[in-house]
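Colleague: As input, take model-v9.cif (mmCIF, C-alpha atoms, pLDDT in the B column; chains and numbers go by the auth columns):
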```
data_coords
#
loop_
_atom_site.group_PDB
_atom_site.id
_atom_site.type_symbol
_atom_site.label_atom_id
_atom_site.label_comp_id
_atom_site.label_asym_id
_atom_site.label_seq_id
_atom_site.Cartn_x
_atom_site.Cartn_y
_atom_site.Cartn_z
_atom_site.B_iso_or_equiv
_atom_site.auth_seq_id
_atom_site.auth_asym_id
ATOM 1 C CA MET A 1 100.999 92.445 103.464 95.00 1217 A
ATOM 2 C CA GLU A 2 102.584 89.576 101.591 97.00 1218 A
ATOM 3 C CA ILE A 3 105.609 89.241 99.299 98.00 1219 A
ATOM 4 C CA THR A 4 105.241 86.945 96.332 97.00 1220 A
ATOM 5 C CA ASN A 5 107.233 86.240 93.169 97.00 1221 A
ATOM 6 C CA TYR A 6 105.277 87.186 90.058 98.00 1222 A
ATOM 7 C CA PHE A 7 106.789 84.283 88.109 96.00 1223 A
ATOM 8 C CA THR A 8 105.391 81.678 90.509 96.00 1224 A
ATOM 9 C CA SER A 9 102.025 83.417 90.899 96.00 1225 A
ATOM 10 C CA SER A 10 98.823 81.970 89.493 96.00 1226 A
ATOM 11 C CA SER A 11 97.474 85.528 89.036 97.00 1227 A
ATOM 12 C CA LYS A 12 99.930 86.907 86.478 97.00 1228 A
ATOM 13 C CA GLU A 13 97.292 88.744 84.423 97.00 1229 A
ATOM 14 C CA HIS A 14 95.959 90.496 87.509 98.00 1230 A
ATOM 15 C CA TRP A 15 99.440 91.559 88.613 98.00 1231 A
ATOM 16 C CA LYS A 16 100.279 92.817 85.133 98.00 1232 A
ATOM 17 C CA LYS A 17 97.200 95.049 85.314 98.00 1233 A
ATOM 18 C CA GLU A 18 98.339 96.301 88.695 98.00 1234 A
ATOM 19 C CA ILE A 19 101.863 97.034 87.405 98.00 1235 A
ATOM 20 C CA GLY A 20 100.213 98.858 84.509 97.00 1236 A
ATOM 21 C CA ARG A 21 98.725 101.361 86.974 96.00 1237 A
ATOM 22 C CA ALA A 22 102.230 102.692 87.703 96.00 1238 A
ATOM 23 C CA VAL A 23 102.877 106.055 86.081 93.00 1239 A
ATOM 24 C CA TRP A 24 106.604 105.506 85.570 93.00 1240 A
ATOM 25 C CA VAL A 25 108.444 104.823 82.314 92.00 1241 A
ATOM 26 C CA ALA A 26 110.469 101.951 83.810 93.00 1242 A
ATOM 27 C CA ALA A 27 107.276 100.231 84.996 96.00 1243 A
ATOM 28 C CA LYS A 28 105.904 100.507 81.471 96.00 1244 A
ATOM 29 C CA PHE A 29 109.083 98.855 80.170 95.00 1245 A
ATOM 30 C CA LEU A 30 108.785 96.101 82.795 97.00 1246 A
ATOM 31 C CA LEU A 31 105.183 95.493 81.729 97.00 1247 A
ATOM 32 C CA GLN A 32 106.268 95.364 78.098 97.00 1248 A
ATOM 33 C CA MET A 33 108.899 92.746 78.958 96.00 1249 A
ATOM 34 C CA LEU A 34 106.285 90.681 80.813 97.00 1250 A
ATOM 35 C CA ASN A 35 103.813 90.917 77.925 97.00 1251 A
ATOM 36 C CA GLU A 36 106.444 90.018 75.342 97.00 1252 A
ATOM 37 C CA ASN A 37 108.049 87.263 77.449 96.00 1253 A
ATOM 38 C CA SER A 38 111.381 89.068 77.034 96.00 1254 A
ATOM 39 C CA VAL A 39 112.441 89.330 80.679 96.00 1255 A
ATOM 40 C CA GLU A 40 115.286 86.843 80.235 95.00 1256 A
ATOM 41 C CA LYS A 41 116.578 88.730 77.187 94.00 1257 A
ATOM 42 C CA HIS A 42 116.709 92.040 79.051 93.00 1258 A
ATOM 43 C CA ILE A 43 117.568 91.234 82.664 95.00 1259 A
ATOM 44 C CA GLY A 44 118.738 87.636 82.564 93.00 1260 A
ATOM 45 C CA LYS A 45 117.762 84.087 83.270 92.00 1261 A
ATOM 46 C CA ASP A 46 116.162 83.283 86.634 93.00 1262 A
ATOM 47 C CA ALA A 47 115.021 86.876 87.230 97.00 1263 A
ATOM 48 C CA LYS A 48 112.594 87.356 90.074 98.00 1264 A
ATOM 49 C CA LEU A 49 109.875 89.991 90.262 98.00 1265 A
ATOM 50 C CA PHE A 50 108.881 90.491 93.875 98.00 1266 A
ATOM 51 C CA LEU A 51 105.445 91.939 94.586 98.00 1267 A
ATOM 52 C CA LEU A 52 104.424 93.378 97.928 98.00 1268 A
ATOM 53 C CA THR A 53 100.668 92.959 98.009 98.00 1269 A
ATOM 54 C CA ASP A 54 97.796 93.991 100.228 97.00 1270 A
ATOM 55 C CA GLY A 55 95.136 91.490 99.251 96.00 1271 A
ATOM 56 C CA THR A 56 94.559 92.100 95.533 97.00 1272 A
ATOM 57 C CA LYS A 57 96.276 95.508 95.599 97.00 1273 A
ATOM 58 C CA LEU A 58 99.875 95.895 94.492 98.00 1274 A
ATOM 59 C CA VAL A 59 101.757 98.058 96.985 98.00 1275 A
ATOM 60 C CA SER A 60 105.329 97.885 95.717 98.00 1276 A
ATOM 61 C CA PHE A 61 107.524 95.827 93.412 98.00 1277 A
ATOM 62 C CA CYS A 62 111.157 95.207 92.452 98.00 1278 A
ATOM 63 C CA THR A 63 113.256 92.764 90.488 98.00 1279 A
ATOM 64 C CA LEU A 64 116.236 90.671 91.497 98.00 1280 A
ATOM 65 C CA ALA A 65 118.165 89.828 88.344 97.00 1281 A
ATOM 66 C CA GLU A 66 121.494 89.155 86.726 96.00 1282 A
ATOM 67 C CA LYS A 67 121.332 92.443 84.787 93.00 1283 A
ATOM 68 C CA ASP A 68 119.782 95.876 85.047 93.00 1284 A
ATOM 69 C CA GLU A 69 120.271 99.107 83.126 91.00 1285 A
ATOM 70 C CA ILE A 70 124.073 99.029 83.527 90.00 1286 A
ATOM 71 C CA GLU A 71 126.246 96.977 81.149 85.00 1287 A
ATOM 72 C CA ALA A 72 128.701 95.571 83.687 89.00 1288 A
ATOM 73 C CA PRO A 73 129.083 91.792 83.295 83.00 1289 A
ATOM 74 C CA GLY A 74 131.271 91.507 86.408 89.00 1290 A
ATOM 75 C CA LEU A 75 128.630 93.069 88.651 95.00 1291 A
ATOM 76 C CA LYS A 76 125.622 91.012 89.713 96.00 1292 A
ATOM 77 C CA PRO A 77 122.961 90.539 90.929 98.00 1293 A
ATOM 78 C CA TRP A 78 120.944 93.726 90.638 97.00 1294 A
ATOM 79 C CA ILE A 79 117.842 94.999 92.353 98.00 1295 A
ATOM 80 C CA GLY A 80 115.860 96.928 89.780 96.00 1296 A
ATOM 81 C CA PHE A 81 112.495 98.430 88.944 96.00 1297 A
ATOM 82 C CA VAL A 82 111.933 99.521 92.567 97.00 1298 A
ATOM 83 C CA PHE A 83 108.533 101.198 92.761 96.00 1299 A
ATOM 84 C CA THR A 84 105.938 101.934 95.425 97.00 1300 A
ATOM 85 C CA PHE A 85 102.529 103.281 94.509 97.00 1301 A
ATOM 86 C CA PRO A 86 101.993 106.851 95.761 97.00 1302 A
ATOM 87 C CA GLU A 87 99.229 105.959 98.211 96.00 1303 A
ATOM 88 C CA TYR A 88 101.621 103.598 100.045 97.00 1304 A
ATOM 89 C CA ARG A 89 104.741 105.773 100.138 95.00 1305 A
ATOM 90 C CA GLY A 90 106.399 106.880 103.348 93.00 1306 A
ATOM 91 C CA LYS A 91 105.911 103.552 105.111 95.00 1307 A
ATOM 92 C CA HIS A 92 109.183 101.869 104.019 93.00 1308 A
ATOM 93 C CA TYR A 93 107.412 99.236 101.933 96.00 1309 A
ATOM 94 C CA ALA A 94 110.136 99.340 99.270 94.00 1310 A
ATOM 95 C CA GLY A 95 112.584 98.639 102.095 96.00 1311 A
ATOM 96 C CA LYS A 96 110.736 95.411 102.885 97.00 1312 A
ATOM 97 C CA LEU A 97 111.112 94.304 99.282 96.00 1313 A
ATOM 98 C CA ILE A 98 114.766 95.330 99.166 97.00 1314 A
ATOM 99 C CA ALA A 99 115.430 93.349 102.354 98.00 1315 A
ATOM 100 C CA HIS A 100 113.637 90.360 100.822 98.00 1316 A
ATOM 101 C CA ALA A 101 115.683 90.638 97.622 98.00 1317 A
ATOM 102 C CA CYS A 102 118.905 90.867 99.644 98.00 1318 A
ATOM 103 C CA LYS A 103 117.947 87.815 101.710 98.00 1319 A
ATOM 104 C CA THR A 104 117.063 85.880 98.564 98.00 1320 A
ATOM 105 C CA ALA A 105 120.364 86.824 96.901 98.00 1321 A
ATOM 106 C CA SER A 106 122.257 85.750 100.013 98.00 1322 A
ATOM 107 C CA GLU A 107 120.408 82.413 100.052 97.00 1323 A
ATOM 108 C CA MET A 108 121.467 81.989 96.412 96.00 1324 A
ATOM 109 C CA GLY A 109 125.093 82.308 97.517 97.00 1325 A
ATOM 110 C CA GLU A 110 125.677 85.915 96.472 97.00 1326 A
ATOM 111 C CA ASN A 111 127.970 88.071 98.611 97.00 1327 A
ATOM 112 C CA VAL A 112 127.072 91.494 97.198 98.00 1328 A
ATOM 113 C CA ILE A 113 124.130 93.121 95.467 98.00 1329 A
ATOM 114 C CA TYR A 114 123.826 96.265 93.335 98.00 1330 A
ATOM 115 C CA ILE A 115 121.282 98.970 92.599 97.00 1331 A
ATOM 116 C CA SER A 116 121.402 101.515 89.789 95.00 1332 A
ATOM 117 C CA THR A 117 119.449 104.730 90.298 93.00 1333 A
ATOM 118 C CA ASP A 118 119.302 108.461 89.807 88.00 1334 A
ATOM 119 C CA ALA A 119 118.232 108.893 93.437 86.00 1335 A
ATOM 120 C CA THR A 120 120.544 110.174 96.144 85.00 1336 A
ATOM 121 C CA GLY A 121 120.023 109.383 99.816 86.00 1337 A
ATOM 122 C CA LEU A 122 117.430 106.674 99.305 89.00 1338 A
ATOM 123 C CA TYR A 123 119.333 103.401 99.248 94.00 1339 A
ATOM 124 C CA GLU A 124 121.922 104.383 101.837 94.00 1340 A
ATOM 125 C CA LYS A 125 119.277 103.909 104.527 93.00 1341 A
ATOM 126 C CA TYR A 126 119.024 100.262 103.428 95.00 1342 A
ATOM 127 C CA GLY A 127 122.761 99.633 103.828 96.00 1343 A
ATOM 128 C CA PHE A 128 123.931 100.415 100.307 97.00 1344 A
ATOM 129 C CA THR A 129 127.043 102.474 99.626 97.00 1345 A
ATOM 130 C CA PHE A 130 127.672 104.618 96.579 96.00 1346 A
ATOM 131 C CA GLN A 131 130.274 103.071 94.265 96.00 1347 A
ATOM 132 C CA CYS A 132 130.427 105.167 91.102 94.00 1348 A
ATOM 133 C CA ILE A 133 128.518 106.763 88.263 95.00 1349 A
ATOM 134 C CA MET A 134 128.156 104.663 85.115 94.00 1350 A
ATOM 135 C CA ASP A 135 126.381 105.020 81.798 92.00 1351 A
ATOM 136 C CA SER A 136 123.070 103.207 81.537 90.00 1352 A
ATOM 137 C CA ILE A 137 121.929 101.333 78.449 88.00 1353 A
ATOM 138 C CA TRP A 138 119.663 104.345 77.854 86.00 1354 A
ATOM 139 C CA GLY A 139 122.678 106.675 77.525 88.00 1355 A
ATOM 140 C CA GLU A 140 122.033 108.379 80.855 90.00 1356 A
ATOM 141 C CA LYS A 141 124.265 108.635 83.902 93.00 1357 A
ATOM 142 C CA ALA A 142 123.265 106.360 86.773 93.00 1358 A
ATOM 143 C CA ARG A 143 124.491 106.082 90.342 95.00 1359 A
ATOM 144 C CA VAL A 144 125.606 102.557 91.209 96.00 1360 A
ATOM 145 C CA TYR A 145 125.246 101.402 94.818 97.00 1361 A
ATOM 146 C CA LYS A 146 126.545 98.197 96.391 97.00 1362 A
ATOM 147 C CA LYS A 147 125.651 96.276 99.511 98.00 1363 A
ATOM 148 C CA VAL A 148 127.718 93.504 101.049 97.00 1364 A
ATOM 149 C CA LEU A 149 125.397 90.699 102.100 97.00 1365 A
#
```
Could you show the structure in this file as structure tokens?

Modeller:
Amino acid sequence: MEITNYFTSSSKEHWKKEIGRAVWVAAKFLLQMLNENSVEKHIGKDAKLFLLTDGTKLVSFCTLAEKDEIEAPGLKPWIGFVFTFPEYRGKHYAGKLIAHACKTASEMGENVIYISTDATGLYEKYGFTFQCIMDSIWGEKARVYKKVL
């Protein structure tokens, strides 16, 4: 298994096809942003898209970005688009990506990191604590979690 940043990869087209296999509306939106070169517009400059790969297979992915689905300019950075393909679930692969994103954020000088989700009980096991419920840009309620780095 290897973690790579999509934006520095020489195999972007391949990885876009792999992301396209995900049956999840947020993954479809991520793919749309990649295809339209609109990542910066939606989640900010210098966004990273981490890919956990097994050879040419995409196992899991997530973003580390200035913005996510919550309009909260004072809160950043965000881990977003966390997804693991069904055949790889139950092995804590998303946790490896989350740890990598946290380490990267810390190396960038960040002291905290956030995740927005509708899940309960998932991110706590990775050291995140529930902060509040906020409205997402989609008009839905989202749970906001924070981790001190």

Colleague: Please provide as a ChimeraX atom specification all residues within 9 Å of segment 1307-1309 of chain A, with the sequence filter that same-chain residues fewer than 6 positions apart are discarded (counting all atoms listed in the file).

Modeller: /A:1268,1275-1276,1300

Colleague: So, counting only C-alpha atoms, which residue among A:Ala1242, A:Leu1280, A:Ala1321, A:Ile1286 is closest to Gly1355 of chain A?

Modeller: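 Closest residue, counting only C-alpha atoms: A:Ile1286.
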
Colleague: Check what the PyMOL selection byres ((chain A and resi 1345) around 10) selects in the file above and give those residues as a CSV table (one decimal) with C-alpha atoms, in the coordinates of the input.

Modeller:
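What follows is the written file selection_23.csv:
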```csv
chain,number,residue,atom,x,y,z
A,1330,TYR,CA,123.8,96.3,93.3
A,1331,ILE,CA,121.3,99.0,92.6
A,1337,GLY,CA,120.0,109.4,99.8
A,1339,TYR,CA,119.3,103.4,99.2
A,1340,GLU,CA,121.9,104.4,101.8
A,1341,LYS,CA,119.3,103.9,104.5
A,1342,TYR,CA,119.0,100.3,103.4
A,1343,GLY,CA,122.8,99.6,103.8
A,1344,PHE,CA,123.9,100.4,100.3
A,1346,PHE,CA,127.7,104.6,96.6
A,1347,GLN,CA,130.3,103.1,94.3
A,1348,CYS,CA,130.4,105.2,91.1
A,1360,VAL,CA,125.6,102.6,91.2
A,1361,TYR,CA,125.2,101.4,94.8
A,1362,LYS,CA,126.5,98.2,96.4
A,1363,LYS,CA,125.7,96.3,99.5
A,1364,VAL,CA,127.7,93.5,101.0
```

Colleague: Once the PyMOL selection byres ((chain A and resi 1281) around 12) is applied to the coordinates I shared, what remains selected? I want it as a PyMOL selection string.

Modeller: chain A and resi 1255-1266+1278-1280+1282-1286+1291-1297+1317-1318+1320-1321+1324+1326+1329-1331

Colleague: Go ahead and compute the interatomic distance for atom CA of Ile1314 of chain A and atom CA of Thr1220 of chain A, in Å to one decimal.

Modeller: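 About the pair atom CA of Ile1314 of chain A and atom CA of Thr1220 of chain A: they are 13.0 Å apart.
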
Colleague: May I ask which of the residues A:Lys1233, A:Arg1359, A:Lys1228, A:Lys1312 is the closest one to Phe1299 of chain A, counting only C-alpha atoms?

Modeller: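 The shortest atom-to-atom distance to Phe1299 of chain A comes from A:Lys1312.
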
Colleague: Taking (104.4, 95.1, 81.6) in the file's coordinates, which residues come within 6 Å, counting all atoms listed in the file, written as a ChimeraX atom specification?

Modeller: /A:1232,1244,1246-1251

Colleague: Quick one: of A:Met1350, A:Val1328, A:Ala1335, A:Leu1313, who's nearest to Ile1219 of chain A, counting all atoms listed in the file?

Modeller: A:Leu1313

Colleague: Can you list what the PyMOL selection byres ((chain A and resi 1272) around 9) grabs from this structure, as an NGL selection string?

Modeller: :A and (1230-1231 or 1234 or 1269-1271 or 1273-1274)

Colleague: Include C-alpha atoms and write out the residues we just selected as a PDB file, keeping the file's coordinate frame.

Modeller:
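Once written, selection_27.pdb looks like this:
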```
ATOM      1  CA  HIS A1230      95.959  90.496  87.509  1.00 98.00           C
ATOM      2  CA  TRP A1231      99.440  91.559  88.613  1.00 98.00           C
ATOM      3  CA  GLU A1234      98.339  96.301  88.695  1.00 98.00           C
ATOM      4  CA  THR A1269     100.668  92.959  98.009  1.00 98.00           C
ATOM      5  CA  ASP A1270      97.796  93.991 100.228  1.00 97.00           C
ATOM      6  CA  GLY A1271      95.136  91.490  99.251  1.00 96.00           C
ATOM      7  CA  LYS A1273      96.276  95.508  95.599  1.00 97.00           C
ATOM      8  CA  LEU A1274      99.875  95.895  94.492  1.00 98.00           C
TER       9      LEU A1274
END
```

Colleague: Just the number, please: distance in Å from atom CA of Ala1288 of chain A to atom CA of Glu1356 of chain A, one decimal.

Modeller: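 So the two atoms, atom CA of Ala1288 of chain A and atom CA of Glu1356 of chain A, lie 14.7 Å apart.
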
Colleague: In Å, with one decimal, what is the gap from atom CA of Glu1252 of chain A to atom CA of Thr1333 of chain A?

Modeller: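 A separation of 24.7 Å between them.
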
Colleague: Return the single residue from A:Phe1301, A:Leu1338, A:His1316, A:Leu1365 that is closest to Val1239 of chain A, with distances computed using only C-alpha atoms.

Modeller: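 Using only C-alpha atoms, the shortest distance to Val1239 of chain A belongs to A:Phe1301.
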